[in-house]
>>> print(open('coords26.tsv').read())   # TSV, C-alpha atoms
chain	number	residue	atom	x	y	z
A	32	MET	CA	59.00	37.78	164.49
A	33	THR	CA	57.25	39.16	161.46
A	34	PHE	CA	57.16	42.75	160.29
A	35	THR	CA	54.11	44.36	158.85
A	36	ARG	CA	54.59	46.87	156.11
A	37	ARG	CA	53.82	49.68	158.59
A	38	ASP	CA	56.54	48.46	161.00
A	39	THR	CA	59.10	48.39	158.23
A	40	LEU	CA	58.26	51.92	157.14
A	41	VAL	CA	58.49	53.25	160.69
A	42	MET	CA	61.84	51.55	161.27
A	43	GLY	CA	63.23	52.87	158.02
A	44	LEU	CA	62.18	56.39	158.95
A	45	GLY	CA	63.74	56.02	162.41
A	46	ALA	CA	67.03	54.86	160.95
A	47	THR	CA	67.09	57.80	158.55
A	48	VAL	CA	66.50	60.30	161.34
A	49	ALA	CA	69.20	58.67	163.50
A	50	ALA	CA	71.71	58.82	160.65
A	51	MET	CA	71.05	62.52	160.06
A	52	LEU	CA	71.61	63.59	163.67
A	53	PRO	CA	75.05	65.03	164.36
A	54	LEU	CA	77.32	62.86	166.45
A	55	PRO	CA	76.62	63.77	170.08
A	56	ALA	CA	79.22	65.49	172.21
A	57	THR	CA	80.65	63.06	174.69
A	58	ALA	CA	81.50	63.62	178.33
A	59	SER	CA	85.18	63.27	177.47
A	60	THR	CA	84.98	66.59	175.59
A	61	GLU	CA	84.01	68.35	178.81
A	62	ASP	CA	86.76	66.47	180.62
A	63	ALA	CA	89.29	67.61	178.05
A	64	ILE	CA	88.19	71.25	178.42
A	65	ALA	CA	88.29	70.96	182.22
A	66	ALA	CA	91.79	69.48	182.07
A	67	PHE	CA	92.93	72.39	179.88
A	68	THR	CA	91.30	75.16	181.92
A	69	GLY	CA	91.82	73.57	185.33
A	70	GLY	CA	88.12	74.02	186.03
A	71	ALA	CA	88.14	77.80	185.45
A	72	SER	CA	85.04	79.31	183.85
A	73	VAL	CA	85.26	79.79	180.11
A	74	GLY	CA	84.03	82.99	178.47
A	75	THR	CA	83.25	83.78	174.86
A	76	GLY	CA	84.52	86.30	172.34
A	77	GLY	CA	88.06	87.16	171.34
A	78	ILE	CA	88.57	83.85	169.59
A	79	THR	CA	87.86	82.94	166.00
A	80	LEU	CA	87.57	79.47	164.52
A	81	THR	CA	87.51	79.45	160.74
A	82	ALA	CA	86.22	76.24	159.21
A	83	PRO	CA	84.15	75.22	156.20
A	84	GLU	CA	80.42	74.81	156.77
A	85	ILE	CA	80.42	71.63	154.72
A	86	ALA	CA	83.44	69.36	154.38
A	87	GLU	CA	83.13	66.76	151.66
A	88	ASN	CA	85.98	64.64	152.94
A	89	GLY	CA	86.36	64.20	156.68
A	90	ASN	CA	89.92	62.99	156.23
A	91	THR	CA	91.25	66.47	155.69
A	92	VAL	CA	89.26	69.46	156.87
A	93	PRO	CA	91.13	72.79	156.84
A	94	ILE	CA	90.64	74.82	159.99
A	95	SER	CA	92.20	77.97	161.33
A	96	VAL	CA	92.14	79.33	164.87
A	97	SER	CA	92.96	82.84	165.98
A	98	ALA	CA	92.89	84.41	169.42
A	99	PRO	CA	94.82	87.67	169.91
A	100	GLY	CA	96.81	87.58	173.13
A	101	ALA	CA	96.44	83.84	173.64
A	102	THR	CA	99.27	81.74	175.01
A	103	ALA	CA	97.69	78.47	173.94
A	104	ILE	CA	94.73	77.31	171.86
A	105	MET	CA	93.27	73.84	172.18
A	106	VAL	CA	91.09	72.36	169.43
A	107	LEU	CA	88.55	69.62	170.09
A	108	ALA	CA	86.28	67.62	167.80
A	109	ALA	CA	83.34	66.67	170.00
A	110	GLY	CA	82.14	63.79	167.82
A	111	ASN	CA	85.43	62.01	167.17
A	112	PRO	CA	86.28	58.73	168.93
A	113	ASN	CA	88.98	60.70	170.71
A	114	PRO	CA	87.94	64.38	170.94
A	115	ASP	CA	91.47	65.77	171.23
A	116	VAL	CA	92.77	67.33	168.03
A	117	GLY	CA	95.76	69.33	169.16
A	118	THR	CA	97.03	72.24	171.20
A	119	PHE	CA	98.93	75.20	169.79
A	120	ASN	CA	101.33	76.79	172.31
A	121	PHE	CA	102.63	80.16	171.18
A	122	GLY	CA	106.19	81.12	172.08
A	123	PRO	CA	107.77	84.56	172.50
A	124	LEU	CA	108.52	84.89	168.77
A	125	ALA	CA	105.02	84.02	167.53
A	126	GLY	CA	104.08	86.71	165.02
A	127	SER	CA	100.37	86.38	165.66
A	128	HIS	CA	98.26	84.10	167.77
A	129	GLU	CA	96.78	82.14	164.95
A	130	ALA	CA	97.51	78.89	163.18
A	131	SER	CA	96.05	76.76	160.42
A	132	THR	CA	96.08	73.02	159.98
A	133	ARG	CA	94.05	70.14	158.57
A	134	ILE	CA	92.11	67.77	160.76
A	135	ARG	CA	90.14	64.52	160.59
A	136	LEU	CA	86.45	64.45	161.47
A	137	ALA	CA	84.48	61.23	161.95
A	138	GLY	CA	81.21	62.86	160.91
A	139	THR	CA	79.04	65.96	161.18
A	140	GLN	CA	79.86	67.53	164.53
A	141	ASP	CA	80.89	70.59	166.49
A	142	VAL	CA	84.53	71.61	166.51
A	143	ILE	CA	85.49	73.55	169.63
A	144	ALA	CA	88.44	75.88	170.16
A	145	VAL	CA	89.45	76.98	173.67
A	146	ALA	CA	92.08	79.67	174.13
A	147	LYS	CA	94.11	80.44	177.22
A	148	LEU	CA	94.72	84.18	177.34
A	149	ALA	CA	97.82	85.85	178.76
A	150	ASP	CA	95.91	86.98	181.88
A	151	GLY	CA	94.98	83.37	182.70
A	152	SER	CA	91.35	83.53	181.59
A	153	PHE	CA	89.81	81.24	179.00
A	154	VAL	CA	87.54	81.82	176.02
A	155	GLN	CA	85.96	79.32	173.67
A	156	THR	CA	84.08	79.16	170.42
A	157	SER	CA	82.66	76.38	168.30
A	158	ALA	CA	81.55	75.73	164.75
A	159	GLU	CA	79.43	72.96	163.33
A	160	ILE	CA	80.99	71.23	160.34
A	161	LYS	CA	78.87	68.99	158.15
A	162	VAL	CA	80.89	66.05	156.89
A	163	THR	CA	79.82	64.04	153.86
A	164	ILE	CA	82.39	61.20	154.18
A	165	GLY	CA	83.79	60.52	157.64
A	166	GLY	CA	87.52	60.33	158.19
A	167	CYS	CA	88.13	57.65	160.77
A	168	GLY	CA	88.45	54.55	158.65
A	169	GLY	CA	86.38	51.52	159.57
B	116	MET	CA	109.88	55.44	158.22
B	117	SER	CA	112.13	56.36	155.38
B	118	ASP	CA	109.47	58.13	153.34
B	119	VAL	CA	109.07	60.99	155.81
B	120	LYS	CA	110.05	64.20	154.08
B	121	PRO	CA	109.63	67.59	155.70
B	122	ARG	CA	108.93	70.59	153.51
B	123	VAL	CA	109.03	74.14	154.82
B	124	ARG	CA	108.41	77.48	153.15
B	125	VAL	CA	110.14	80.48	154.73
B	126	PRO	CA	110.95	83.77	152.97
B	127	LYS	CA	114.67	84.16	152.19
B	128	THR	CA	114.83	87.68	153.56
B	129	ALA	CA	112.83	89.89	155.90
B	130	SER	CA	113.28	93.30	157.47
B	131	ALA	CA	114.18	93.34	161.16
B	132	GLY	CA	111.11	92.94	163.35
B	133	GLU	CA	108.94	91.87	160.44
B	134	THR	CA	106.21	89.25	160.88
B	135	ILE	CA	106.47	86.49	158.33
B	136	THR	CA	104.22	83.57	157.45
B	137	ILE	CA	105.66	80.08	157.58
B	138	LYS	CA	104.11	77.00	155.99
B	139	THR	CA	105.20	73.51	156.88
B	140	LEU	CA	104.25	70.12	155.53
B	141	ILE	CA	105.65	66.71	156.36
B	142	SER	CA	104.77	63.50	154.57
B	143	HIS	CA	103.61	61.05	157.21
B	144	ARG	CA	100.80	58.49	157.35
B	145	MET	CA	99.57	59.64	160.80
B	146	GLU	CA	98.15	56.16	161.48
B	147	SER	CA	95.38	56.97	163.95
B	148	GLY	CA	95.03	53.58	165.66
B	149	GLN	CA	91.31	53.58	164.76
B	150	ARG	CA	91.66	51.74	161.47
B	151	LYS	CA	91.59	47.97	160.95
B	152	ASP	CA	93.48	45.96	158.37
B	153	SER	CA	91.82	43.50	155.96
B	154	ASP	CA	91.80	40.78	158.64
B	155	GLY	CA	89.99	43.02	161.13
B	156	ASN	CA	92.99	43.56	163.38
B	157	PRO	CA	93.51	47.13	164.57
B	158	ILE	CA	96.48	48.87	162.96
B	159	PRO	CA	98.65	50.27	165.78
B	160	ARG	CA	98.81	54.03	166.18
B	161	GLN	CA	101.85	55.78	164.77
B	162	ILE	CA	101.58	59.52	164.52
B	163	ILE	CA	103.74	62.57	164.89
B	164	ASN	CA	102.76	63.75	168.36
B	165	ARG	CA	104.58	67.06	168.59
B	166	PHE	CA	105.81	69.80	166.28
B	167	THR	CA	107.95	72.74	167.31
B	168	CYS	CA	109.44	75.74	165.57
B	169	ASP	CA	112.29	77.73	167.11
B	170	PHE	CA	114.23	80.74	165.89
B	171	ASN	CA	117.77	81.25	167.24
B	172	GLY	CA	116.82	79.16	170.28
B	173	GLU	CA	113.58	81.03	171.06
B	174	ASN	CA	110.28	79.26	170.65
B	175	VAL	CA	107.80	80.35	167.99
B	176	ILE	CA	105.16	77.63	168.25
B	177	ASP	CA	104.86	74.27	169.97
B	178	VAL	CA	101.99	72.07	168.81
B	179	LYS	CA	100.73	69.01	170.63
B	180	MET	CA	99.23	66.72	168.01
B	181	GLU	CA	96.61	63.99	168.37
B	182	PRO	CA	95.42	61.32	165.91
B	183	ALA	CA	92.79	63.75	164.58
B	184	ILE	CA	95.48	65.67	162.67
B	185	SER	CA	95.29	64.67	159.00
B	186	THR	CA	97.77	62.60	157.03
B	187	ASN	CA	100.75	64.70	155.90
B	188	PRO	CA	100.38	67.26	158.71
B	189	TYR	CA	100.28	70.84	157.51
B	190	PHE	CA	100.76	73.93	159.64
B	191	GLU	CA	100.68	77.58	158.79
B	192	PHE	CA	101.62	80.20	161.36
B	193	GLN	CA	103.44	83.50	161.77
B	194	ALA	CA	106.74	84.42	163.34
B	195	VAL	CA	108.56	87.61	164.20
B	196	VAL	CA	112.09	87.93	162.83
B	197	PRO	CA	114.12	90.19	165.15
B	198	ALA	CA	117.44	89.51	163.40
B	199	ALA	CA	119.07	87.25	160.86
B	200	GLY	CA	119.24	83.67	161.97
B	201	GLU	CA	117.98	80.17	161.59
B	202	PHE	CA	114.60	78.56	161.99
B	203	VAL	CA	114.66	75.01	163.34
B	204	PHE	CA	111.60	72.86	162.75
B	205	THR	CA	111.25	69.61	164.69
B	206	TRP	CA	108.71	66.81	164.40
B	207	TYR	CA	108.53	64.04	167.03
B	208	ASP	CA	107.29	60.63	165.89
B	209	ASP	CA	105.52	58.10	168.16
B	210	ASN	CA	108.28	55.60	167.35
B	211	GLY	CA	110.92	57.88	168.85
B	212	GLU	CA	112.25	59.27	165.59
B	213	VAL	CA	112.81	63.00	165.34
B	214	TYR	CA	112.73	64.80	162.01
B	215	THR	CA	114.34	68.22	161.73
B	216	GLU	CA	114.58	70.86	159.05
B	217	THR	CA	116.40	74.18	159.21
B	218	LYS	CA	115.94	77.34	157.18
B	219	SER	CA	118.07	80.44	157.51
B	220	ILE	CA	116.73	83.91	156.90
B	221	ALA	CA	118.67	87.07	156.15
B	222	ILE	CA	117.83	90.69	156.94
B	223	GLY	CA	117.51	92.63	153.74
>>> encode(input="coords26.tsv", output="structure tokens")
Amino acid sequence: MTFTRRDTLVMGLGATVAAMLPLPATASTEDAIAAFTGGASVGTGGITLTAPEIAENGNTVPISVSAPGATAIMVLAAGNPNPDVGTFNFGPLAGSHEASTRIRLAGTQDVIAVAKLADGSFVQTSAEIKVTIGGCGG
Amino acid sequence: MSDVKPRVRVPKTASAGETITIKTLISHRMESGQRKDSDGNPIPRQIINRFTCDFNGENVIDVKMEPAISTNPYFEFQAVVPAAGEFVFTWYDDNGEVYTETKSIAIG
């Protein structure tokens, strides 16, 4: 099979576009949310996810989640090989319903936080984080 | 692993009922199970899968951790101090080891 110059240009362009697209959310992300909420509908508002817009190093991305009145907050990275990041369960002596940590991101993707509120309802928010160097080894 | 060293920052004193900020860090590789060694064989997963903080037997925070938590896991959170007592921090390793650290706090 031979490539003309036009073919090569088109393929190069296609590869560039594919590389720039964010990693797609996988079905397992929805499964993880469904497992956490038990299939209940998820609202918005009342939850804050603080994250950098651009993370140079995907190995350690500082994030912070806050949801007043939440009993638990689950964090998901939709584009990671395994979307689960962690779940914060707040006990009776929690001073506020917020926590900060550092996470690994495989590439540019949406990070999702879902909070379970004291009345049993759920809220979620998400933020897109652009990652320059992915953090999942190779 | 012998090089696991927990580090925790808690104020020495607080007034009763005050909300304080706690920072914790533990040195741990958090091997995700996604990486391969130089021969192309996957490196088995070994992470800390759970972290808890309790004060005088009452829970402050209980975190379920997955491989997406970075190397040397860091957590910052807040706790209410109703009286003098002791914070107990516990990390649970995949290999069954449990690392603990305690910090006492006085009312003053």
>>> interface_residues(input="coords26.tsv", of="chain A", to="chain B", cutoff="9 Å", atoms="only C-alpha atoms", output="NGL selection string")
:A and (90-92 or 95 or 108 or 111-136 or 166-169)
>>> write_last_selection(input="coords26.tsv", atoms="C-alpha atoms", output="mmCIF file, in the coordinates of the input")
data_model
loop_
_atom_site.group_PDB
_atom_site.id
_atom_site.type_symbol
_atom_site.label_atom_id
_atom_site.label_comp_id
_atom_site.auth_asym_id
_atom_site.auth_seq_id
_atom_site.Cartn_x
_atom_site.Cartn_y
_atom_site.Cartn_z
ATOM 1 C CA ASN A 90 89.920 62.990 156.230
ATOM 2 C CA THR A 91 91.250 66.470 155.690
ATOM 3 C CA VAL A 92 89.260 69.460 156.870
ATOM 4 C CA SER A 95 92.200 77.970 161.330
ATOM 5 C CA ALA A 108 86.280 67.620 167.800
ATOM 6 C CA ASN A 111 85.430 62.010 167.170
ATOM 7 C CA PRO A 112 86.280 58.730 168.930
ATOM 8 C CA ASN A 113 88.980 60.700 170.710
ATOM 9 C CA PRO A 114 87.940 64.380 170.940
ATOM 10 C CA ASP A 115 91.470 65.770 171.230
ATOM 11 C CA VAL A 116 92.770 67.330 168.030
ATOM 12 C CA GLY A 117 95.760 69.330 169.160
ATOM 13 C CA THR A 118 97.030 72.240 171.200
ATOM 14 C CA PHE A 119 98.930 75.200 169.790
ATOM 15 C CA ASN A 120 101.330 76.790 172.310
ATOM 16 C CA PHE A 121 102.630 80.160 171.180
ATOM 17 C CA GLY A 122 106.190 81.120 172.080
ATOM 18 C CA PRO A 123 107.770 84.560 172.500
ATOM 19 C CA LEU A 124 108.520 84.890 168.770
ATOM 20 C CA ALA A 125 105.020 84.020 167.530
ATOM 21 C CA GLY A 126 104.080 86.710 165.020
ATOM 22 C CA SER A 127 100.370 86.380 165.660
ATOM 23 C CA HIS A 128 98.260 84.100 167.770
ATOM 24 C CA GLU A 129 96.780 82.140 164.950
ATOM 25 C CA ALA A 130 97.510 78.890 163.180
ATOM 26 C CA SER A 131 96.050 76.760 160.420
ATOM 27 C CA THR A 132 96.080 73.020 159.980
ATOM 28 C CA ARG A 133 94.050 70.140 158.570
ATOM 29 C CA ILE A 134 92.110 67.770 160.760
ATOM 30 C CA ARG A 135 90.140 64.520 160.590
ATOM 31 C CA LEU A 136 86.450 64.450 161.470
ATOM 32 C CA GLY A 166 87.520 60.330 158.190
ATOM 33 C CA CYS A 167 88.130 57.650 160.770
ATOM 34 C CA GLY A 168 88.450 54.550 158.650
ATOM 35 C CA GLY A 169 86.380 51.520 159.570
#
>>> atom_distance(input="coords26.tsv", atom1="CA of Ile94 in chain A", atom2="CA of Phe204 in chain B")
21.2 Å
>>> atom_distance(input="coords26.tsv", atom1="CA of Thr60 in chain A", atom2="CA of Lys147 in chain A")
16.7 Å
>>> atom_distance(input="coords26.tsv", atom1="CA of Pro99 in chain A", atom2="CA of Ala63 in chain A")
22.3 Å
>>> closest_residue(input="coords26.tsv", among="A:Ala101, A:Ala86, A:Val96, A:Val73", to="Asp150 in chain A", atoms="only C-alpha atoms")
A:Ala101
>>> residues_around(input="coords26.tsv", residues="Asp118 in chain B", least_positions_apart="2", cutoff="12 Å", atoms="all atoms listed in the file", output="mmCIF file with C-alpha atoms, in the coordinates of the input")
data_model
loop_
_atom_site.group_PDB
_atom_site.id
_atom_site.type_symbol
_atom_site.label_atom_id
_atom_site.label_comp_id
_atom_site.auth_asym_id
_atom_site.auth_seq_id
_atom_site.Cartn_x
_atom_site.Cartn_y
_atom_site.Cartn_z
ATOM 1 C CA MET B 116 109.880 55.440 158.220
ATOM 2 C CA LYS B 120 110.050 64.200 154.080
ATOM 3 C CA PRO B 121 109.630 67.590 155.700
ATOM 4 C CA ILE B 141 105.650 66.710 156.360
ATOM 5 C CA SER B 142 104.770 63.500 154.570
ATOM 6 C CA HIS B 143 103.610 61.050 157.210
ATOM 7 C CA ARG B 144 100.800 58.490 157.350
ATOM 8 C CA ASN B 187 100.750 64.700 155.900
ATOM 9 C CA TYR B 214 112.730 64.800 162.010
#
>>> residues_around(input="coords26.tsv", residues="Ile164 in chain A", least_positions_apart="2", cutoff="6 Å", atoms="only C-alpha atoms", output="PyMOL selection string")
chain A and resi 88-89+162
